[in-house]
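As provided, my_file21.tsv (TSV, N, CA and C atoms) reads as follows.
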```tsv
chain	number	residue	atom	x	y	z
A	1	MET	N	64.53	96.07	130.77
A	1	MET	CA	64.42	95.30	129.54
A	1	MET	C	65.62	94.39	129.36
A	2	VAL	N	65.39	93.25	128.78
A	2	VAL	CA	66.46	92.31	128.50
A	2	VAL	C	66.92	92.52	127.06
A	3	ARG	N	68.22	92.45	126.84
A	3	ARG	CA	68.74	92.60	125.48
A	3	ARG	C	68.71	91.26	124.78
A	4	VAL	N	68.06	91.22	123.63
A	4	VAL	CA	67.95	89.98	122.89
A	4	VAL	C	69.22	89.75	122.08
A	5	SER	N	69.67	90.79	121.36
A	5	SER	CA	70.84	90.66	120.51
A	5	SER	C	71.75	91.87	120.70
A	6	VAL	N	72.91	91.66	121.32
A	6	VAL	CA	73.83	92.77	121.52
A	6	VAL	C	74.45	93.20	120.19
A	7	LEU	N	74.63	92.26	119.26
A	7	LEU	CA	75.17	92.60	117.95
A	7	LEU	C	74.20	93.50	117.19
A	8	ASN	N	72.92	93.19	117.28
A	8	ASN	CA	71.90	94.01	116.62
A	8	ASN	C	71.88	95.42	117.20
A	9	ASP	N	71.94	95.54	118.53
A	9	ASP	CA	71.97	96.85	119.17
A	9	ASP	C	73.19	97.65	118.71
A	10	CYS	N	74.33	96.98	118.64
A	10	CYS	CA	75.57	97.63	118.23
A	10	CYS	C	75.46	98.16	116.80
A	11	LEU	N	75.03	97.31	115.88
A	11	LEU	CA	74.96	97.72	114.48
A	11	LEU	C	73.90	98.80	114.26
A	12	LYS	N	72.80	98.73	115.02
A	12	LYS	CA	71.77	99.77	114.91
A	12	LYS	C	72.32	101.12	115.35
A	13	SER	N	73.05	101.15	116.47
A	13	SER	CA	73.57	102.43	116.96
A	13	SER	C	74.64	102.98	116.02
A	14	ILE	N	75.45	102.10	115.41
A	14	ILE	CA	76.43	102.55	114.42
A	14	ILE	C	75.70	103.15	113.22
A	15	SER	N	74.68	102.46	112.74
A	15	SER	CA	73.92	102.92	111.57
A	15	SER	C	73.24	104.26	111.85
A	16	ASN	N	72.64	104.40	113.03
A	16	ASN	CA	71.97	105.65	113.40
A	16	ASN	C	72.95	106.80	113.51
A	17	ALA	N	74.10	106.55	114.14
A	17	ALA	CA	75.11	107.60	114.29
A	17	ALA	C	75.67	108.01	112.92
A	18	GLU	N	75.82	107.03	112.04
A	18	GLU	CA	76.32	107.32	110.69
A	18	GLU	C	75.31	108.18	109.92
A	19	ARG	N	74.02	107.89	110.08
A	19	ARG	CA	72.98	108.68	109.41
A	19	ARG	C	72.94	110.11	109.94
A	20	ARG	N	73.21	110.28	111.23
A	20	ARG	CA	73.19	111.61	111.85
A	20	ARG	C	74.46	112.39	111.54
A	21	GLY	N	75.46	111.72	110.95
A	21	GLY	CA	76.70	112.40	110.60
A	21	GLY	C	77.68	112.54	111.75
A	22	LYS	N	77.57	111.68	112.75
A	22	LYS	CA	78.48	111.72	113.89
A	22	LYS	C	79.85	111.20	113.47
A	23	ARG	N	80.88	111.61	114.22
A	23	ARG	CA	82.24	111.17	113.93
A	23	ARG	C	82.63	109.94	114.73
A	24	GLN	N	81.98	109.75	115.89
A	24	GLN	CA	82.26	108.56	116.70
A	24	GLN	C	81.00	108.15	117.44
A	25	VAL	N	81.01	106.89	117.89
A	25	VAL	CA	79.85	106.35	118.59
A	25	VAL	C	80.34	105.43	119.71
A	26	LEU	N	79.64	105.46	120.84
A	26	LEU	CA	79.95	104.60	121.98
A	26	LEU	C	78.94	103.46	122.00
A	27	VAL	N	79.46	102.24	122.03
A	27	VAL	CA	78.61	101.05	121.99
A	27	VAL	C	78.85	100.24	123.26
A	28	ARG	N	77.76	99.82	123.90
A	28	ARG	CA	77.87	98.92	125.02
A	28	ARG	C	76.67	98.01	125.02
A	29	PRO	N	76.74	96.78	125.46
A	29	PRO	CA	77.93	96.08	125.95
A	29	PRO	C	78.79	95.57	124.81
A	30	SER	N	79.98	95.12	125.17
A	30	SER	CA	80.93	94.60	124.20
A	30	SER	C	80.87	93.07	124.22
A	31	SER	N	81.23	92.45	123.11
A	31	SER	CA	81.34	90.99	123.08
A	31	SER	C	82.37	90.59	122.05
A	32	LYS	N	82.79	89.34	122.07
A	32	LYS	CA	83.78	88.84	121.12
A	32	LYS	C	83.25	88.91	119.70
A	33	VAL	N	81.97	88.58	119.52
A	33	VAL	CA	81.37	88.58	118.19
A	33	VAL	C	81.33	90.00	117.63
A	34	ILE	N	80.98	90.98	118.47
A	34	ILE	CA	80.95	92.37	118.03
A	34	ILE	C	82.34	92.82	117.60
A	35	ILE	N	83.36	92.46	118.37
A	35	ILE	CA	84.73	92.88	118.06
A	35	ILE	C	85.19	92.28	116.74
A	36	LYS	N	84.88	91.00	116.51
A	36	LYS	CA	85.26	90.37	115.24
A	36	LYS	C	84.50	90.98	114.07
A	37	PHE	N	83.20	91.27	114.26
A	37	PHE	CA	82.39	91.89	113.21
A	37	PHE	C	82.97	93.26	112.87
A	38	LEU	N	83.32	94.04	113.90
A	38	LEU	CA	83.89	95.37	113.67
A	38	LEU	C	85.24	95.29	112.98
A	39	SER	N	86.04	94.26	113.30
A	39	SER	CA	87.35	94.14	112.66
A	39	SER	C	87.20	93.81	111.17
A	40	VAL	N	86.15	93.05	110.80
A	40	VAL	CA	85.89	92.79	109.38
A	40	VAL	C	85.48	94.09	108.69
A	41	MET	N	84.63	94.90	109.36
A	41	MET	CA	84.23	96.18	108.79
A	41	MET	C	85.43	97.12	108.63
A	42	GLN	N	86.32	97.08	109.62
A	42	GLN	CA	87.50	97.95	109.59
A	42	GLN	C	88.47	97.51	108.49
A	43	LYS	N	88.59	96.20	108.30
A	43	LYS	CA	89.49	95.68	107.27
A	43	LYS	C	89.10	96.18	105.89
A	44	HIS	N	87.80	96.33	105.65
A	44	HIS	CA	87.32	96.80	104.36
A	44	HIS	C	87.15	98.31	104.31
A	45	GLY	N	87.48	99.01	105.40
A	45	GLY	CA	87.48	100.47	105.39
A	45	GLY	C	86.13	101.13	105.61
A	46	TYR	N	85.16	100.42	106.14
A	46	TYR	CA	83.85	101.02	106.37
A	46	TYR	C	83.78	101.79	107.67
A	47	ILE	N	84.63	101.47	108.64
A	47	ILE	CA	84.74	102.25	109.87
A	47	ILE	C	86.22	102.52	110.11
A	48	GLY	N	86.50	103.48	110.99
A	48	GLY	CA	87.88	103.79	111.34
A	48	GLY	C	88.36	102.88	112.47
A	49	GLU	N	89.18	103.46	113.33
A	49	GLU	CA	89.68	102.72	114.49
A	49	GLU	C	88.56	102.50	115.50
A	50	PHE	N	88.68	101.43	116.27
A	50	PHE	CA	87.78	101.27	117.41
A	50	PHE	C	88.60	100.87	118.63
A	51	GLU	N	88.16	101.37	119.78
A	51	GLU	CA	88.90	101.17	121.03
A	51	GLU	C	87.98	100.49	122.03
A	52	ILE	N	88.48	99.43	122.65
A	52	ILE	CA	87.71	98.70	123.64
A	52	ILE	C	88.02	99.28	125.01
A	53	VAL	N	86.98	99.77	125.70
A	53	VAL	CA	87.13	100.36	127.03
A	53	VAL	C	86.68	99.31	128.04
A	54	ASP	N	87.61	98.87	128.89
A	54	ASP	CA	87.28	97.85	129.89
A	54	ASP	C	86.83	98.54	131.17
A	55	ASP	N	85.55	98.41	131.50
A	55	ASP	CA	85.02	99.03	132.71
A	55	ASP	C	84.65	97.99	133.76
A	56	HIS	N	85.36	96.88	133.78
A	56	HIS	CA	85.16	95.79	134.76
A	56	HIS	C	83.72	95.31	134.81
A	57	ARG	N	82.95	95.59	133.76
A	57	ARG	CA	81.59	95.08	133.64
A	57	ARG	C	81.50	94.39	132.29
A	58	SER	N	80.58	94.85	131.46
A	58	SER	CA	80.44	94.23	130.15
A	58	SER	C	81.35	94.85	129.10
A	59	GLY	N	81.91	96.02	129.37
A	59	GLY	CA	82.82	96.66	128.44
A	59	GLY	C	82.11	97.59	127.47
A	60	LYS	N	82.87	98.55	126.94
A	60	LYS	CA	82.35	99.50	125.98
A	60	LYS	C	83.30	99.56	124.80
A	61	ILE	N	82.80	100.00	123.66
A	61	ILE	CA	83.63	100.18	122.48
A	61	ILE	C	83.37	101.57	121.93
A	62	VAL	N	84.44	102.33	121.69
A	62	VAL	CA	84.33	103.63	121.04
A	62	VAL	C	84.78	103.44	119.59
A	63	ILE	N	83.88	103.72	118.64
A	63	ILE	CA	84.14	103.47	117.23
A	63	ILE	C	84.24	104.80	116.49
A	64	GLN	N	85.31	104.99	115.73
A	64	GLN	CA	85.46	106.17	114.89
A	64	GLN	C	84.79	105.89	113.55
A	65	LEU	N	83.90	106.77	113.14
A	65	LEU	CA	83.18	106.60	111.88
A	65	LEU	C	83.84	107.46	110.80
A	66	ASN	N	83.79	106.98	109.56
A	66	ASN	CA	84.38	107.75	108.47
A	66	ASN	C	83.38	108.13	107.39
A	67	GLY	N	82.09	107.89	107.61
A	67	GLY	CA	81.07	108.34	106.66
A	67	GLY	C	80.90	107.45	105.44
A	68	ARG	N	81.51	106.28	105.43
A	68	ARG	CA	81.44	105.41	104.26
A	68	ARG	C	80.32	104.38	104.36
A	69	LEU	N	79.82	104.15	105.56
A	69	LEU	CA	78.83	103.09	105.79
A	69	LEU	C	77.44	103.58	105.42
A	70	ASN	N	76.73	102.82	104.58
A	70	ASN	CA	75.36	103.15	104.22
A	70	ASN	C	74.36	102.43	105.10
A	71	LYS	N	74.57	101.12	105.27
A	71	LYS	CA	73.63	100.34	106.07
A	71	LYS	C	74.35	99.11	106.60
A	72	CYS	N	73.99	98.71	107.81
A	72	CYS	CA	74.49	97.45	108.34
A	72	CYS	C	73.39	96.83	109.18
A	73	GLY	N	73.35	95.51	109.23
A	73	GLY	CA	72.29	94.86	109.96
A	73	GLY	C	72.63	93.42	110.29
A	74	VAL	N	71.78	92.83	111.12
A	74	VAL	CA	71.95	91.46	111.59
A	74	VAL	C	70.90	90.60	110.89
A	75	ILE	N	71.28	89.38	110.55
A	75	ILE	CA	70.33	88.40	110.04
A	75	ILE	C	70.03	87.44	111.18
A	76	SER	N	68.77	87.45	111.61
A	76	SER	CA	68.37	86.60	112.72
A	76	SER	C	67.14	85.82	112.30
A	77	PRO	N	67.11	84.51	112.44
A	77	PRO	CA	68.10	83.62	113.03
A	77	PRO	C	69.32	83.45	112.13
A	78	ARG	N	70.38	82.91	112.69
A	78	ARG	CA	71.62	82.72	111.95
A	78	ARG	C	71.48	81.51	111.03
A	79	PHE	N	71.07	81.78	109.81
A	79	PHE	CA	70.81	80.70	108.86
A	79	PHE	C	72.10	80.00	108.44
A	80	PRO	N	72.07	78.67	108.31
A	80	PRO	CA	73.23	77.98	107.76
A	80	PRO	C	73.34	78.24	106.27
A	81	VAL	N	74.56	78.48	105.79
A	81	VAL	CA	74.78	78.81	104.39
A	81	VAL	C	75.83	77.87	103.83
A	82	LYS	N	75.45	77.12	102.78
A	82	LYS	CA	76.42	76.27	102.09
A	82	LYS	C	77.15	77.12	101.06
A	83	ILE	N	78.27	76.61	100.55
A	83	ILE	CA	79.09	77.37	99.62
A	83	ILE	C	78.33	77.76	98.35
A	84	PRO	N	77.53	76.87	97.74
A	84	PRO	CA	76.80	77.30	96.54
A	84	PRO	C	75.71	78.35	96.83
A	85	ASP	N	75.22	78.41	98.07
A	85	ASP	CA	74.13	79.33	98.41
A	85	ASP	C	74.62	80.74	98.73
A	86	ILE	N	75.93	80.93	98.87
A	86	ILE	CA	76.46	82.25	99.23
A	86	ILE	C	76.03	83.29	98.19
A	87	GLU	N	76.09	82.92	96.92
A	87	GLU	CA	75.76	83.85	95.84
A	87	GLU	C	74.31	84.31	95.93
A	88	GLN	N	73.41	83.42	96.30
A	88	GLN	CA	71.99	83.79	96.44
A	88	GLN	C	71.79	84.77	97.59
A	89	TRP	N	72.48	84.56	98.71
A	89	TRP	CA	72.38	85.47	99.84
A	89	TRP	C	72.94	86.84	99.48
A	90	VAL	N	74.03	86.87	98.70
A	90	VAL	CA	74.60	88.15	98.25
A	90	VAL	C	73.57	88.90	97.41
A	91	ALA	N	72.89	88.19	96.52
A	91	ALA	CA	71.89	88.82	95.66
A	91	ALA	C	70.70	89.33	96.49
A	92	ASP	N	70.33	88.60	97.52
A	92	ASP	CA	69.18	88.99	98.33
A	92	ASP	C	69.48	90.18	99.25
A	93	LEU	N	70.68	90.22	99.84
A	93	LEU	CA	70.96	91.19	100.89
A	93	LEU	C	71.66	92.46	100.42
A	94	LEU	N	72.56	92.34	99.44
A	94	LEU	CA	73.37	93.48	99.06
A	94	LEU	C	72.79	94.18	97.84
A	95	PRO	N	72.99	95.50	97.73
A	95	PRO	CA	72.42	96.24	96.61
A	95	PRO	C	73.11	95.97	95.28
A	96	SER	N	74.38	95.54	95.34
A	96	SER	CA	75.14	95.32	94.13
A	96	SER	C	76.21	94.28	94.41
A	97	ARG	N	76.70	93.64	93.34
A	97	ARG	CA	77.77	92.66	93.54
A	97	ARG	C	79.12	93.34	93.71
A	98	GLN	N	79.20	94.61	93.33
A	98	GLN	CA	80.49	95.30	93.39
A	98	GLN	C	80.89	95.70	94.80
A	99	PHE	N	79.95	96.04	95.66
A	99	PHE	CA	80.33	96.48	97.00
A	99	PHE	C	79.39	95.91	98.05
A	100	GLY	N	79.85	95.93	99.29
A	100	GLY	CA	79.10	95.37	100.39
A	100	GLY	C	79.57	93.97	100.70
A	101	PHE	N	79.39	93.57	101.96
A	101	PHE	CA	79.87	92.28	102.41
A	101	PHE	C	78.85	91.63	103.34
A	102	ILE	N	78.80	90.32	103.28
A	102	ILE	CA	78.02	89.52	104.23
A	102	ILE	C	79.03	88.90	105.20
A	103	VAL	N	78.77	89.03	106.48
A	103	VAL	CA	79.67	88.48	107.50
A	103	VAL	C	79.12	87.14	107.93
A	104	MET	N	80.00	86.13	107.92
A	104	MET	CA	79.61	84.77	108.28
A	104	MET	C	80.48	84.27	109.42
A	105	THR	N	79.91	83.40	110.24
A	105	THR	CA	80.71	82.71	111.23
A	105	THR	C	80.93	81.29	110.72
A	106	THR	N	82.18	80.90	110.64
A	106	THR	CA	82.53	79.60	110.09
A	106	THR	C	83.37	78.85	111.10
A	107	SER	N	83.75	77.64	110.73
A	107	SER	CA	84.62	76.85	111.61
A	107	SER	C	86.01	77.45	111.68
A	108	ALA	N	86.35	78.32	110.71
A	108	ALA	CA	87.66	78.98	110.71
A	108	ALA	C	87.58	80.40	111.25
A	109	GLY	N	86.49	80.76	111.91
A	109	GLY	CA	86.35	82.09	112.49
A	109	GLY	C	85.33	82.94	111.75
A	110	ILE	N	85.22	84.20	112.18
A	110	ILE	CA	84.28	85.13	111.58
A	110	ILE	C	84.96	85.83	110.42
A	111	MET	N	84.33	85.79	109.23
A	111	MET	CA	84.93	86.38	108.03
A	111	MET	C	83.83	86.84	107.09
A	112	ASP	N	84.22	87.56	106.03
A	112	ASP	CA	83.24	88.00	105.05
A	112	ASP	C	83.00	86.90	104.02
A	113	HIS	N	81.97	87.08	103.20
A	113	HIS	CA	81.57	86.01	102.28
A	113	HIS	C	82.62	85.77	101.20
A	114	ALA	N	83.37	86.78	100.81
A	114	ALA	CA	84.39	86.60	99.76
A	114	ALA	C	85.52	85.71	100.26
A	115	GLU	N	85.94	85.94	101.51
A	115	GLU	CA	87.01	85.11	102.08
A	115	GLU	C	86.52	83.69	102.32
A	116	ALA	N	85.26	83.54	102.74
A	116	ALA	CA	84.70	82.20	102.95
A	116	ALA	C	84.66	81.44	101.63
A	117	ARG	N	84.32	82.13	100.55
A	117	ARG	CA	84.28	81.48	99.25
A	117	ARG	C	85.69	81.11	98.79
A	118	ARG	N	86.66	81.99	99.05
A	118	ARG	CA	88.05	81.69	98.69
A	118	ARG	C	88.58	80.48	99.45
A	119	ARG	N	88.24	80.41	100.74
A	119	ARG	CA	88.70	79.28	101.55
A	119	ARG	C	87.85	78.04	101.36
A	120	HIS	N	86.74	78.17	100.65
A	120	HIS	CA	85.82	77.06	100.39
A	120	HIS	C	85.20	76.53	101.70
A	121	ILE	N	84.66	77.48	102.49
A	121	ILE	CA	84.05	77.14	103.78
A	121	ILE	C	82.63	77.70	103.82
A	122	GLY	N	81.69	76.89	104.27
A	122	GLY	CA	80.34	77.36	104.54
A	122	GLY	C	80.24	77.72	106.01
A	123	GLY	N	79.09	78.20	106.43
A	123	GLY	CA	78.92	78.55	107.84
A	123	GLY	C	77.54	79.12	108.09
A	124	LYS	N	77.44	79.90	109.14
A	124	LYS	CA	76.17	80.56	109.47
A	124	LYS	C	76.31	82.06	109.23
A	125	ILE	N	75.22	82.65	108.79
A	125	ILE	CA	75.26	84.06	108.42
A	125	ILE	C	74.99	84.92	109.65
A	126	LEU	N	75.85	85.93	109.87
A	126	LEU	CA	75.70	86.83	111.02
A	126	LEU	C	75.00	88.13	110.63
A	127	GLY	N	75.49	88.78	109.59
A	127	GLY	CA	74.93	90.06	109.20
A	127	GLY	C	75.56	90.55	107.91
A	128	TYR	N	75.33	91.83	107.62
A	128	TYR	CA	75.82	92.41	106.38
A	128	TYR	C	76.16	93.89	106.60
A	129	PHE	N	76.93	94.45	105.71
A	129	PHE	CA	77.17	95.90	105.70
A	129	PHE	C	77.53	96.34	104.30
A	130	TYR	N	77.13	97.56	103.97
A	130	TYR	CA	77.49	98.16	102.69
A	130	TYR	C	77.41	99.66	102.78
```

As structure tokens - that is how I would like this structure written.
Amino acid sequence: MVRVSVLNDCLKSISNAERRGKRQVLVRPSSKVIIKFLSVMQKHGYIGEFEIVDDHRSGKIVIQLNGRLNKCGVISPRFPVKIPDIEQWVADLLPSRQFGFIVMTTSAGIMDHAEARRRHIGGKILGYFY
């Protein structure tokens, strides 16, 4: 089988392991987008440390889970989002305005929707977590 979205596979395995109550999960293959997405999740405390294992192929990531993640997913296709439309996407995807984040890829890198709004940058939507 061919993998359509490695980010989707990664977030699905994290979500499944979190539901099963696992403490860590091994994700492969690795990519730059996955690493940036995980660093945004880690910055907000939804996952613990993650370690990139270089196996001279596509690479693996070992992620420590802390039980705080409820759901994470990918939005496909990557819709373009203007600054005024961010609020509508937050209302559609997240259960509440108080918690959860939408991850966007912008011209200034991959960041969450709050930082994109602070920097006044639009971009394309990658996924969400809460």

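Residue nearest Gln24 (chain A) within the list A:Ala108, A:Ile63, A:Ile52, A:Leu11: A:Ile63 [criterion: smallest interatomic distance, only N, CA and C atoms].
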
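Residues of protein, DNA and RNA with at least one atom no farther than 6.5 Å from (74.6, 90.4, 108.7) are, using all atoms listed in the file, A:Gly73, A:Val74, A:Ile75, A:Ile102, A:Val103, A:Ile125, A:Leu126, A:Gly127, A:Tyr128, A:Phe129.
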
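Our summary of the geometry notes that atom C of Gly100 (chain A) is positioned 6.4 Å from atom C of Tyr130 (chain A).
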
query = Rounded to one decimal in Å, what is the spacing between CA of Ser107 (chain A) and CA of Tyr46 (chain A)?
reply =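 Those two atoms sit 24.7 Å apart.
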
message = Between atom N of Arg119 (chain A) and CA of Val40 (chain A), what is the distance in Å, rounded to a tenth?
response = 15.3 Å

key: Residues within 6 Å of (82.5, 80.2, 107.2), counting only C-alpha atoms, listed as an MDAnalysis selection string   = chainID A and resid 104:107 116 121:123

What are the centre and edge lengths in Å, to one decimal, of the axis-aligned box around all listed atoms of region 42-57 of chain A with 3 Å added on each side, as JSON?
```
{"center_x": 85.6, "center_y": 99.1, "center_z": 119.6, "size_x": 14.2, "size_y": 15.4, "size_z": 36.5}
```

message = Based on the backbone DSSP call, show me all residues of chain A assigned helix (DSSP H, G or I), as a PyMOL selection string.
response = chain A and resi 6-20+32-43+83-93+113-119
